[in-house]
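K.L.:
The structure follows.
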Amino acid sequence: ALFIVPLLVASFYLVANHHKKYLYFFVLIILATTLVATQSISGIIATIASFVIIGGFYLLENKSRHNIKIVAPIILAVTFVILSIYTLSINGRLSYLTQPWLSQGSHNSISVRMQLWSIGAELIKEKPLLGIGLGSFEPAYQQALHSRFSQFHSCMEVNKNCTSPLSEF
């Protein structure tokens with residue numbers, strides 16, 4: 001997905017703006033199918049966000065004249081979004097992604113990543129200019145995680161309604 005997304009976005013742009021549309025359209029279909037087959041949620045989200053940004057710039061650039069050329073790329077982008085969501089829901093990836101929000105107490109790799117990002121944001125707040133230094137993230141992360149566990153245990157002594165941090169495997 002890391003390589004496919006930029007190529008897919010570039011081919012989307014070429015379909016919208018060049019004369020050899022059939023060649024670029026064929027490449028676009030192959031790349032879109034390949035990206036959906038990778039089941040990379042991040043890749044699909046990045047592609048959709050890129051489509052929205054490119055479409056926004058295109059509409060701003062051409063707002064004075066109503067151009068019919070934008071209809072085909074919009075149809076392609078909407079079709080890609082619908083097929084991506086359909087494919088992700090069929091294979092269970094969509095329910096896997098929404099699991100931490102829909103069922104309380106269930107965790108998956110998304111939950112662990114959100115905790116990692118939360119602790120990373122705390123570390124950035126502590127030292128916003130110089131950071132924690134090269135190679136020092138893991139010890140700082142582990143220290144912050146242990147601090148969260150001790151706060152959780154203190155909370156459990158006083159209040160029974162506390163959210164436990166996730167231990168990593």
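Please note that chains go A, B, ... in the order of the structure tokens, that every chain numbers its residues from 1, and that ligands are numbered from 1 in the order shown.
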Please return, as an mmCIF file with N, CA and C atoms, in the first residue's frame, all residues of chain A that DSSP assigns to alpha helix (DSSP H) on the basis of the backbone.

P.N.:
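Result saved to states-v5.cif:
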```cif
data_model
loop_
_atom_site.group_PDB
_atom_site.id
_atom_site.type_symbol
_atom_site.label_atom_id
_atom_site.label_comp_id
_atom_site.auth_asym_id
_atom_site.auth_seq_id
_atom_site.Cartn_x
_atom_site.Cartn_y
_atom_site.Cartn_z
ATOM 1 N N ILE A 4 1.564 1.751 -3.613
ATOM 2 C CA ILE A 4 0.398 1.791 -4.483
ATOM 3 C C ILE A 4 -0.359 3.116 -4.356
ATOM 4 N N VAL A 5 -0.491 3.642 -3.150
ATOM 5 C CA VAL A 5 -1.298 4.847 -2.937
ATOM 6 C C VAL A 5 -0.795 6.033 -3.762
ATOM 7 N N PRO A 6 0.495 6.380 -3.722
ATOM 8 C CA PRO A 6 0.923 7.520 -4.548
ATOM 9 C C PRO A 6 0.719 7.284 -6.044
ATOM 10 N N LEU A 7 0.948 6.055 -6.498
ATOM 11 C CA LEU A 7 0.718 5.748 -7.911
ATOM 12 C C LEU A 7 -0.761 5.839 -8.263
ATOM 13 N N LEU A 8 -1.609 5.382 -7.374
ATOM 14 C CA LEU A 8 -3.052 5.453 -7.602
ATOM 15 C C LEU A 8 -3.526 6.900 -7.660
ATOM 16 N N VAL A 9 -3.047 7.720 -6.745
ATOM 17 C CA VAL A 9 -3.435 9.131 -6.736
ATOM 18 C C VAL A 9 -2.923 9.833 -7.992
ATOM 19 N N ALA A 10 -1.697 9.532 -8.402
ATOM 20 C CA ALA A 10 -1.153 10.135 -9.625
ATOM 21 C C ALA A 10 -1.950 9.699 -10.847
ATOM 22 N N SER A 11 -2.330 8.434 -10.910
ATOM 23 C CA SER A 11 -3.108 7.976 -12.060
ATOM 24 C C SER A 11 -4.514 8.583 -12.039
ATOM 25 N N PHE A 12 -5.062 8.811 -10.862
ATOM 26 C CA PHE A 12 -6.349 9.493 -10.751
ATOM 27 C C PHE A 12 -6.243 10.905 -11.322
ATOM 28 N N TYR A 13 -5.169 11.587 -10.974
ATOM 29 C CA TYR A 13 -4.941 12.931 -11.503
ATOM 30 C C TYR A 13 -4.784 12.892 -13.024
ATOM 31 N N LEU A 14 -4.060 11.918 -13.528
ATOM 32 C CA LEU A 14 -3.847 11.813 -14.971
ATOM 33 C C LEU A 14 -5.144 11.500 -15.717
ATOM 34 N N VAL A 15 -6.007 10.688 -15.127
ATOM 35 C CA VAL A 15 -7.293 10.405 -15.766
ATOM 36 C C VAL A 15 -8.115 11.694 -15.870
ATOM 37 N N ALA A 16 -8.027 12.527 -14.851
ATOM 38 C CA ALA A 16 -8.820 13.758 -14.839
ATOM 39 C C ALA A 16 -8.266 14.826 -15.775
ATOM 40 N N ASN A 17 -6.965 14.791 -16.089
ATOM 41 C CA ASN A 17 -6.367 15.936 -16.767
ATOM 42 C C ASN A 17 -5.640 15.657 -18.076
ATOM 43 N N LYS A 21 -6.672 9.085 -21.629
ATOM 44 C CA LYS A 21 -7.417 8.650 -20.454
ATOM 45 C C LYS A 21 -7.584 7.142 -20.369
ATOM 46 N N TYR A 22 -7.690 6.468 -21.506
ATOM 47 C CA TYR A 22 -7.942 5.030 -21.465
ATOM 48 C C TYR A 22 -6.762 4.281 -20.865
ATOM 49 N N LEU A 23 -5.564 4.673 -21.204
ATOM 50 C CA LEU A 23 -4.382 4.040 -20.628
ATOM 51 C C LEU A 23 -4.310 4.312 -19.134
ATOM 52 N N TYR A 24 -4.485 5.569 -18.739
ATOM 53 C CA TYR A 24 -4.430 5.915 -17.327
ATOM 54 C C TYR A 24 -5.597 5.310 -16.556
ATOM 55 N N PHE A 25 -6.751 5.206 -17.183
ATOM 56 C CA PHE A 25 -7.910 4.595 -16.549
ATOM 57 C C PHE A 25 -7.655 3.118 -16.276
ATOM 58 N N PHE A 26 -7.041 2.432 -17.222
ATOM 59 C CA PHE A 26 -6.692 1.020 -17.049
ATOM 60 C C PHE A 26 -5.717 0.856 -15.880
ATOM 61 N N VAL A 27 -4.711 1.713 -15.811
ATOM 62 C CA VAL A 27 -3.743 1.678 -14.703
ATOM 63 C C VAL A 27 -4.451 1.978 -13.382
ATOM 64 N N LEU A 28 -5.352 2.948 -13.409
ATOM 65 C CA LEU A 28 -6.098 3.323 -12.216
ATOM 66 C C LEU A 28 -6.914 2.146 -11.676
ATOM 67 N N ILE A 29 -7.574 1.429 -12.556
ATOM 68 C CA ILE A 29 -8.390 0.279 -12.139
ATOM 69 C C ILE A 29 -7.512 -0.808 -11.536
ATOM 70 N N ILE A 30 -6.384 -1.090 -12.161
ATOM 71 C CA ILE A 30 -5.475 -2.120 -11.635
ATOM 72 C C ILE A 30 -4.947 -1.717 -10.260
ATOM 73 N N LEU A 31 -4.511 -0.462 -10.119
ATOM 74 C CA LEU A 31 -3.971 -0.008 -8.834
ATOM 75 C C LEU A 31 -5.052 0.019 -7.750
ATOM 76 N N ALA A 32 -6.250 0.465 -8.091
ATOM 77 C CA ALA A 32 -7.329 0.504 -7.099
ATOM 78 C C ALA A 32 -7.690 -0.907 -6.637
ATOM 79 N N THR A 33 -7.755 -1.838 -7.587
ATOM 80 C CA THR A 33 -8.051 -3.229 -7.233
ATOM 81 C C THR A 33 -6.954 -3.806 -6.344
ATOM 82 N N THR A 34 -5.723 -3.503 -6.679
ATOM 83 C CA THR A 34 -4.592 -3.992 -5.882
ATOM 84 C C THR A 34 -4.617 -3.407 -4.479
ATOM 85 N N LEU A 35 -4.915 -2.114 -4.357
ATOM 86 C CA LEU A 35 -4.959 -1.490 -3.037
ATOM 87 C C LEU A 35 -6.064 -2.099 -2.181
ATOM 88 N N VAL A 36 -7.221 -2.292 -2.745
ATOM 89 C CA VAL A 36 -8.315 -2.906 -1.987
ATOM 90 C C VAL A 36 -7.938 -4.334 -1.595
ATOM 91 N N ALA A 37 -7.231 -5.043 -2.461
ATOM 92 C CA ALA A 37 -6.818 -6.419 -2.159
ATOM 93 C C ALA A 37 -5.796 -6.475 -1.025
ATOM 94 N N THR A 38 -5.013 -5.410 -0.828
ATOM 95 C CA THR A 38 -4.060 -5.400 0.280
ATOM 96 C C THR A 38 -4.763 -5.295 1.622
ATOM 97 N N ILE A 41 -6.073 -0.514 5.603
ATOM 98 C CA ILE A 41 -6.998 0.544 5.990
ATOM 99 C C ILE A 41 -6.330 1.905 5.835
ATOM 100 N N SER A 42 -5.086 2.014 6.269
ATOM 101 C CA SER A 42 -4.380 3.286 6.163
ATOM 102 C C SER A 42 -4.219 3.703 4.708
ATOM 103 N N GLY A 43 -3.916 2.747 3.847
ATOM 104 C CA GLY A 43 -3.772 3.055 2.428
ATOM 105 C C GLY A 43 -5.072 3.526 1.812
ATOM 106 N N ILE A 44 -6.161 2.879 2.173
ATOM 107 C CA ILE A 44 -7.467 3.270 1.631
ATOM 108 C C ILE A 44 -7.868 4.642 2.160
ATOM 109 N N ILE A 45 -7.642 4.897 3.435
ATOM 110 C CA ILE A 45 -7.964 6.212 3.997
ATOM 111 C C ILE A 45 -7.102 7.294 3.368
ATOM 112 N N ALA A 46 -5.810 7.012 3.169
ATOM 113 C CA ALA A 46 -4.925 7.989 2.526
ATOM 114 C C ALA A 46 -5.365 8.279 1.099
ATOM 115 N N THR A 47 -5.802 7.262 0.388
ATOM 116 C CA THR A 47 -6.280 7.456 -0.982
ATOM 117 C C THR A 47 -7.542 8.297 -1.005
ATOM 118 N N ILE A 48 -8.476 7.989 -0.129
ATOM 119 C CA ILE A 48 -9.723 8.757 -0.080
ATOM 120 C C ILE A 48 -9.431 10.213 0.282
ATOM 121 N N ALA A 49 -8.567 10.435 1.270
ATOM 122 C CA ALA A 49 -8.212 11.807 1.646
ATOM 123 C C ALA A 49 -7.540 12.533 0.485
ATOM 124 N N SER A 50 -6.693 11.843 -0.251
ATOM 125 C CA SER A 50 -6.037 12.451 -1.404
ATOM 126 C C SER A 50 -7.040 12.799 -2.491
ATOM 127 N N PHE A 51 -8.009 11.908 -2.715
ATOM 128 C CA PHE A 51 -9.056 12.195 -3.697
ATOM 129 C C PHE A 51 -9.829 13.453 -3.302
ATOM 130 N N VAL A 52 -10.147 13.586 -2.027
ATOM 131 C CA VAL A 52 -10.886 14.750 -1.551
ATOM 132 C C VAL A 52 -10.062 16.019 -1.736
ATOM 133 N N ILE A 53 -8.778 15.962 -1.400
ATOM 134 C CA ILE A 53 -7.909 17.141 -1.532
ATOM 135 C C ILE A 53 -7.745 17.524 -2.995
ATOM 136 N N ILE A 54 -7.462 16.546 -3.838
ATOM 137 C CA ILE A 54 -7.309 16.835 -5.271
ATOM 138 C C ILE A 54 -8.613 17.383 -5.843
ATOM 139 N N GLY A 55 -9.728 16.781 -5.479
ATOM 140 C CA GLY A 55 -11.018 17.265 -5.958
ATOM 141 C C GLY A 55 -11.313 18.677 -5.495
ATOM 142 N N GLY A 56 -10.962 18.983 -4.251
ATOM 143 C CA GLY A 56 -11.151 20.339 -3.736
ATOM 144 C C GLY A 56 -10.331 21.356 -4.496
ATOM 145 N N PHE A 57 -9.051 21.032 -4.730
ATOM 146 C CA PHE A 57 -8.204 21.946 -5.499
ATOM 147 C C PHE A 57 -8.715 22.103 -6.926
ATOM 148 N N TYR A 58 -9.159 21.004 -7.499
ATOM 149 C CA TYR A 58 -9.657 21.053 -8.867
ATOM 150 C C TYR A 58 -10.904 21.926 -8.955
ATOM 151 N N LEU A 59 -11.802 21.782 -7.988
ATOM 152 C CA LEU A 59 -13.010 22.601 -7.994
ATOM 153 C C LEU A 59 -12.696 24.073 -7.747
ATOM 154 N N LEU A 60 -11.745 24.349 -6.866
ATOM 155 C CA LEU A 60 -11.351 25.745 -6.636
ATOM 156 C C LEU A 60 -10.727 26.360 -7.885
ATOM 157 N N GLU A 61 -9.934 25.569 -8.576
ATOM 158 C CA GLU A 61 -9.266 26.050 -9.770
ATOM 159 C C GLU A 61 -10.251 26.302 -10.908
ATOM 160 N N VAL A 71 -16.768 15.118 -13.655
ATOM 161 C CA VAL A 71 -17.774 14.099 -13.351
ATOM 162 C C VAL A 71 -17.169 12.694 -13.326
ATOM 163 N N ALA A 72 -16.382 12.348 -14.314
ATOM 164 C CA ALA A 72 -15.788 10.998 -14.366
ATOM 165 C C ALA A 72 -14.873 10.724 -13.177
ATOM 166 N N PRO A 73 -13.951 11.640 -12.817
ATOM 167 C CA PRO A 73 -13.131 11.367 -11.624
ATOM 168 C C PRO A 73 -13.943 11.273 -10.333
ATOM 169 N N ILE A 74 -15.002 12.054 -10.221
ATOM 170 C CA ILE A 74 -15.840 11.966 -9.024
ATOM 171 C C ILE A 74 -16.524 10.603 -8.965
ATOM 172 N N ILE A 75 -17.015 10.144 -10.105
ATOM 173 C CA ILE A 75 -17.645 8.819 -10.151
ATOM 174 C C ILE A 75 -16.627 7.736 -9.802
ATOM 175 N N LEU A 76 -15.397 7.868 -10.306
ATOM 176 C CA LEU A 76 -14.342 6.898 -9.976
ATOM 177 C C LEU A 76 -14.030 6.910 -8.480
ATOM 178 N N ALA A 77 -13.908 8.094 -7.915
ATOM 179 C CA ALA A 77 -13.574 8.204 -6.495
ATOM 180 C C ALA A 77 -14.690 7.627 -5.628
ATOM 181 N N VAL A 78 -15.938 7.947 -5.939
ATOM 182 C CA VAL A 78 -17.064 7.427 -5.163
ATOM 183 C C VAL A 78 -17.163 5.908 -5.305
ATOM 184 N N THR A 79 -16.943 5.407 -6.506
ATOM 185 C CA THR A 79 -16.951 3.955 -6.723
ATOM 186 C C THR A 79 -15.857 3.282 -5.906
ATOM 187 N N PHE A 80 -14.656 3.879 -5.873
ATOM 188 C CA PHE A 80 -13.557 3.334 -5.080
ATOM 189 C C PHE A 80 -13.929 3.289 -3.600
ATOM 190 N N VAL A 81 -14.517 4.363 -3.093
ATOM 191 C CA VAL A 81 -14.904 4.416 -1.684
ATOM 192 C C VAL A 81 -15.941 3.338 -1.373
ATOM 193 N N ILE A 82 -16.953 3.225 -2.213
ATOM 194 C CA ILE A 82 -18.016 2.243 -1.972
ATOM 195 C C ILE A 82 -17.465 0.816 -2.037
ATOM 196 N N LEU A 83 -16.663 0.525 -3.042
ATOM 197 C CA LEU A 83 -16.093 -0.823 -3.154
ATOM 198 C C LEU A 83 -15.140 -1.134 -2.004
ATOM 199 N N SER A 84 -14.389 -0.136 -1.556
ATOM 200 C CA SER A 84 -13.482 -0.349 -0.427
ATOM 201 C C SER A 84 -14.252 -0.675 0.836
ATOM 202 N N ILE A 85 -15.282 0.102 1.119
ATOM 203 C CA ILE A 85 -16.080 -0.145 2.321
ATOM 204 C C ILE A 85 -16.777 -1.503 2.221
ATOM 205 N N TYR A 86 -17.293 -1.831 1.060
ATOM 206 C CA TYR A 86 -17.948 -3.119 0.866
ATOM 207 C C TYR A 86 -16.971 -4.275 1.089
ATOM 208 N N THR A 87 -15.795 -4.175 0.494
ATOM 209 C CA THR A 87 -14.793 -5.239 0.647
ATOM 210 C C THR A 87 -14.348 -5.377 2.100
ATOM 211 N N LEU A 88 -14.114 -4.250 2.772
ATOM 212 C CA LEU A 88 -13.680 -4.303 4.166
ATOM 213 C C LEU A 88 -14.774 -4.840 5.081
ATOM 214 N N SER A 89 -16.034 -4.593 4.743
ATOM 215 C CA SER A 89 -17.109 -5.132 5.582
ATOM 216 C C SER A 89 -17.303 -6.624 5.343
ATOM 217 N N ILE A 90 -17.083 -7.088 4.121
ATOM 218 C CA ILE A 90 -17.243 -8.517 3.831
ATOM 219 C C ILE A 90 -16.181 -9.352 4.546
ATOM 220 N N ARG A 93 -12.772 -6.721 8.267
ATOM 221 C CA ARG A 93 -11.824 -5.690 8.710
ATOM 222 C C ARG A 93 -12.536 -4.459 9.258
ATOM 223 N N LEU A 94 -13.688 -4.122 8.718
ATOM 224 C CA LEU A 94 -14.421 -2.952 9.180
ATOM 225 C C LEU A 94 -14.934 -3.165 10.599
ATOM 226 N N SER A 95 -15.465 -4.345 10.891
ATOM 227 C CA SER A 95 -15.919 -4.619 12.259
ATOM 228 C C SER A 95 -14.729 -4.715 13.216
ATOM 229 N N TYR A 96 -13.595 -5.211 12.725
ATOM 230 C CA TYR A 96 -12.387 -5.256 13.550
ATOM 231 C C TYR A 96 -11.953 -3.844 13.934
ATOM 232 N N LEU A 97 -12.044 -2.917 12.986
ATOM 233 C CA LEU A 97 -11.629 -1.541 13.261
ATOM 234 C C LEU A 97 -12.544 -0.852 14.261
ATOM 235 N N THR A 98 -13.831 -1.096 14.160
ATOM 236 C CA THR A 98 -14.787 -0.420 15.031
ATOM 237 C C THR A 98 -14.997 -1.137 16.358
ATOM 238 N N GLN A 99 -14.405 -2.282 16.536
ATOM 239 C CA GLN A 99 -14.597 -3.094 17.744
ATOM 240 C C GLN A 99 -14.305 -2.334 19.039
ATOM 241 N N PRO A 100 -13.199 -1.593 19.183
ATOM 242 C CA PRO A 100 -12.953 -0.912 20.462
ATOM 243 C C PRO A 100 -14.009 0.136 20.808
ATOM 244 N N TRP A 101 -14.645 0.730 19.803
ATOM 245 C CA TRP A 101 -15.641 1.762 20.071
ATOM 246 C C TRP A 101 -17.027 1.172 20.290
ATOM 247 N N LEU A 102 -17.316 0.031 19.668
ATOM 248 C CA LEU A 102 -18.656 -0.534 19.749
ATOM 249 C C LEU A 102 -18.849 -1.440 20.961
ATOM 250 N N SER A 109 -5.401 -4.235 17.896
ATOM 251 C CA SER A 109 -4.187 -3.486 17.594
ATOM 252 C C SER A 109 -4.453 -1.984 17.476
ATOM 253 N N ILE A 110 -5.664 -1.610 17.117
ATOM 254 C CA ILE A 110 -6.029 -0.192 17.039
ATOM 255 C C ILE A 110 -5.980 0.418 18.434
ATOM 256 N N SER A 111 -6.481 -0.298 19.437
ATOM 257 C CA SER A 111 -6.467 0.200 20.811
ATOM 258 C C SER A 111 -5.039 0.441 21.288
ATOM 259 N N VAL A 112 -4.166 -0.510 20.987
ATOM 260 C CA VAL A 112 -2.771 -0.382 21.397
ATOM 261 C C VAL A 112 -2.129 0.805 20.686
ATOM 262 N N ARG A 113 -2.434 0.981 19.397
ATOM 263 C CA ARG A 113 -1.881 2.120 18.661
ATOM 264 C C ARG A 113 -2.384 3.441 19.234
ATOM 265 N N MET A 114 -3.666 3.490 19.581
ATOM 266 C CA MET A 114 -4.197 4.729 20.155
ATOM 267 C C MET A 114 -3.512 5.047 21.487
ATOM 268 N N GLN A 115 -3.239 4.018 22.282
ATOM 269 C CA GLN A 115 -2.516 4.239 23.528
ATOM 270 C C GLN A 115 -1.092 4.714 23.246
ATOM 271 N N LEU A 116 -0.456 4.125 22.260
ATOM 272 C CA LEU A 116 0.896 4.522 21.875
ATOM 273 C C LEU A 116 0.913 5.984 21.437
ATOM 274 N N TRP A 117 -0.065 6.374 20.621
ATOM 275 C CA TRP A 117 -0.137 7.761 20.159
ATOM 276 C C TRP A 117 -0.444 8.713 21.313
ATOM 277 N N SER A 118 -1.277 8.278 22.248
ATOM 278 C CA SER A 118 -1.619 9.104 23.400
ATOM 279 C C SER A 118 -0.383 9.364 24.266
ATOM 280 N N ILE A 119 0.375 8.320 24.533
ATOM 281 C CA ILE A 119 1.598 8.486 25.323
ATOM 282 C C ILE A 119 2.615 9.306 24.535
ATOM 283 N N GLY A 120 2.695 9.078 23.224
ATOM 284 C CA GLY A 120 3.592 9.886 22.391
ATOM 285 C C GLY A 120 3.229 11.356 22.446
ATOM 286 N N ALA A 121 1.934 11.668 22.426
ATOM 287 C CA ALA A 121 1.496 13.070 22.526
ATOM 288 C C ALA A 121 1.867 13.659 23.883
ATOM 289 N N GLU A 122 1.747 12.861 24.949
ATOM 290 C CA GLU A 122 2.166 13.330 26.275
ATOM 291 C C GLU A 122 3.659 13.641 26.301
ATOM 292 N N LEU A 123 4.456 12.762 25.673
ATOM 293 C CA LEU A 123 5.902 12.988 25.644
ATOM 294 C C LEU A 123 6.250 14.250 24.845
ATOM 295 N N ILE A 124 5.497 14.503 23.791
ATOM 296 C CA ILE A 124 5.729 15.721 23.007
ATOM 297 C C ILE A 124 5.373 16.948 23.836
ATOM 298 N N LYS A 125 4.294 16.871 24.621
ATOM 299 C CA LYS A 125 3.906 17.996 25.470
ATOM 300 C C LYS A 125 4.963 18.285 26.532
ATOM 301 N N GLU A 126 5.595 17.211 27.037
ATOM 302 C CA GLU A 126 6.620 17.394 28.068
ATOM 303 C C GLU A 126 7.858 18.095 27.523
ATOM 304 N N PHE A 137 12.858 6.801 22.860
ATOM 305 C CA PHE A 137 11.395 6.723 22.910
ATOM 306 C C PHE A 137 10.927 5.506 23.697
ATOM 307 N N GLU A 138 11.496 4.343 23.419
ATOM 308 C CA GLU A 138 10.994 3.139 24.082
ATOM 309 C C GLU A 138 11.132 3.210 25.594
ATOM 310 N N PRO A 139 12.282 3.609 26.157
ATOM 311 C CA PRO A 139 12.340 3.724 27.626
ATOM 312 C C PRO A 139 11.367 4.772 28.173
ATOM 313 N N ALA A 140 11.225 5.900 27.473
ATOM 314 C CA ALA A 140 10.289 6.931 27.929
ATOM 315 C C ALA A 140 8.856 6.431 27.828
ATOM 316 N N TYR A 141 8.554 5.697 26.775
ATOM 317 C CA TYR A 141 7.218 5.128 26.600
ATOM 318 C C TYR A 141 6.923 4.123 27.713
ATOM 319 N N GLN A 142 7.868 3.234 27.986
ATOM 320 C CA GLN A 142 7.666 2.227 29.035
ATOM 321 C C GLN A 142 7.464 2.901 30.396
ATOM 322 N N GLN A 143 8.226 3.949 30.668
ATOM 323 C CA GLN A 143 8.082 4.671 31.932
ATOM 324 C C GLN A 143 6.694 5.312 32.026
ATOM 325 N N ALA A 144 6.231 5.924 30.939
ATOM 326 C CA ALA A 144 4.896 6.538 30.934
ATOM 327 C C ALA A 144 3.806 5.474 31.072
ATOM 328 N N LEU A 145 4.002 4.322 30.446
ATOM 329 C CA LEU A 145 3.030 3.235 30.549
ATOM 330 C C LEU A 145 2.965 2.704 31.979
ATOM 331 N N HIS A 146 4.131 2.532 32.613
ATOM 332 C CA HIS A 146 4.150 2.077 34.011
ATOM 333 C C HIS A 146 3.485 3.115 34.913
ATOM 334 N N SER A 147 3.683 4.391 34.593
ATOM 335 C CA SER A 147 3.025 5.451 35.358
ATOM 336 C C SER A 147 1.514 5.358 35.206
ATOM 337 N N ARG A 148 1.041 5.047 34.009
ATOM 338 C CA ARG A 148 -0.401 4.876 33.803
ATOM 339 C C ARG A 148 -0.933 3.682 34.594
ATOM 340 N N PHE A 149 -0.148 2.592 34.649
ATOM 341 C CA PHE A 149 -0.584 1.441 35.431
ATOM 342 C C PHE A 149 -0.662 1.774 36.913
ATOM 343 N N SER A 150 0.305 2.528 37.434
ATOM 344 C CA SER A 150 0.255 2.890 38.851
ATOM 345 C C SER A 150 -0.911 3.836 39.129
ATOM 346 N N GLN A 151 -1.205 4.749 38.197
ATOM 347 C CA GLN A 151 -2.386 5.611 38.353
ATOM 348 C C GLN A 151 -3.669 4.787 38.330
ATOM 349 N N PHE A 152 -3.694 3.769 37.495
ATOM 350 C CA PHE A 152 -4.863 2.899 37.421
ATOM 351 C C PHE A 152 -5.060 2.157 38.739
ATOM 352 N N HIS A 153 -3.989 1.615 39.311
ATOM 353 C CA HIS A 153 -4.109 0.880 40.569
ATOM 354 C C HIS A 153 -4.518 1.813 41.709
ATOM 355 N N SER A 154 -4.014 3.046 41.704
ATOM 356 C CA SER A 154 -4.437 4.026 42.713
ATOM 357 C C SER A 154 -5.911 4.370 42.547
ATOM 358 N N CYS A 155 -6.332 4.491 41.321
ATOM 359 C CA CYS A 155 -7.740 4.788 41.029
ATOM 360 C C CYS A 155 -8.639 3.650 41.474
ATOM 361 N N MET A 156 -8.192 2.415 41.285
ATOM 362 C CA MET A 156 -9.002 1.248 41.653
ATOM 363 C C MET A 156 -9.208 1.167 43.165
ATOM 364 N N GLU A 157 -8.244 1.681 43.943
ATOM 365 C CA GLU A 157 -8.395 1.659 45.392
ATOM 366 C C GLU A 157 -9.475 2.635 45.845
ATOM 367 N N VAL A 158 -9.600 3.748 45.129
ATOM 368 C CA VAL A 158 -10.560 4.784 45.508
ATOM 369 C C VAL A 158 -11.892 4.610 44.786
#
```

K.L.:
Report, in Å to a single decimal, how far apart CA of Ile132 in chain A and CA of His107 in chain A are.

P.N.:
28.5 Å

K.L.:
Give me, please, the distance in Å between CA of Thr163 in chain A and CA of Gly131 in chain A, quoted to one decimal.

P.N.:
27.9 Å
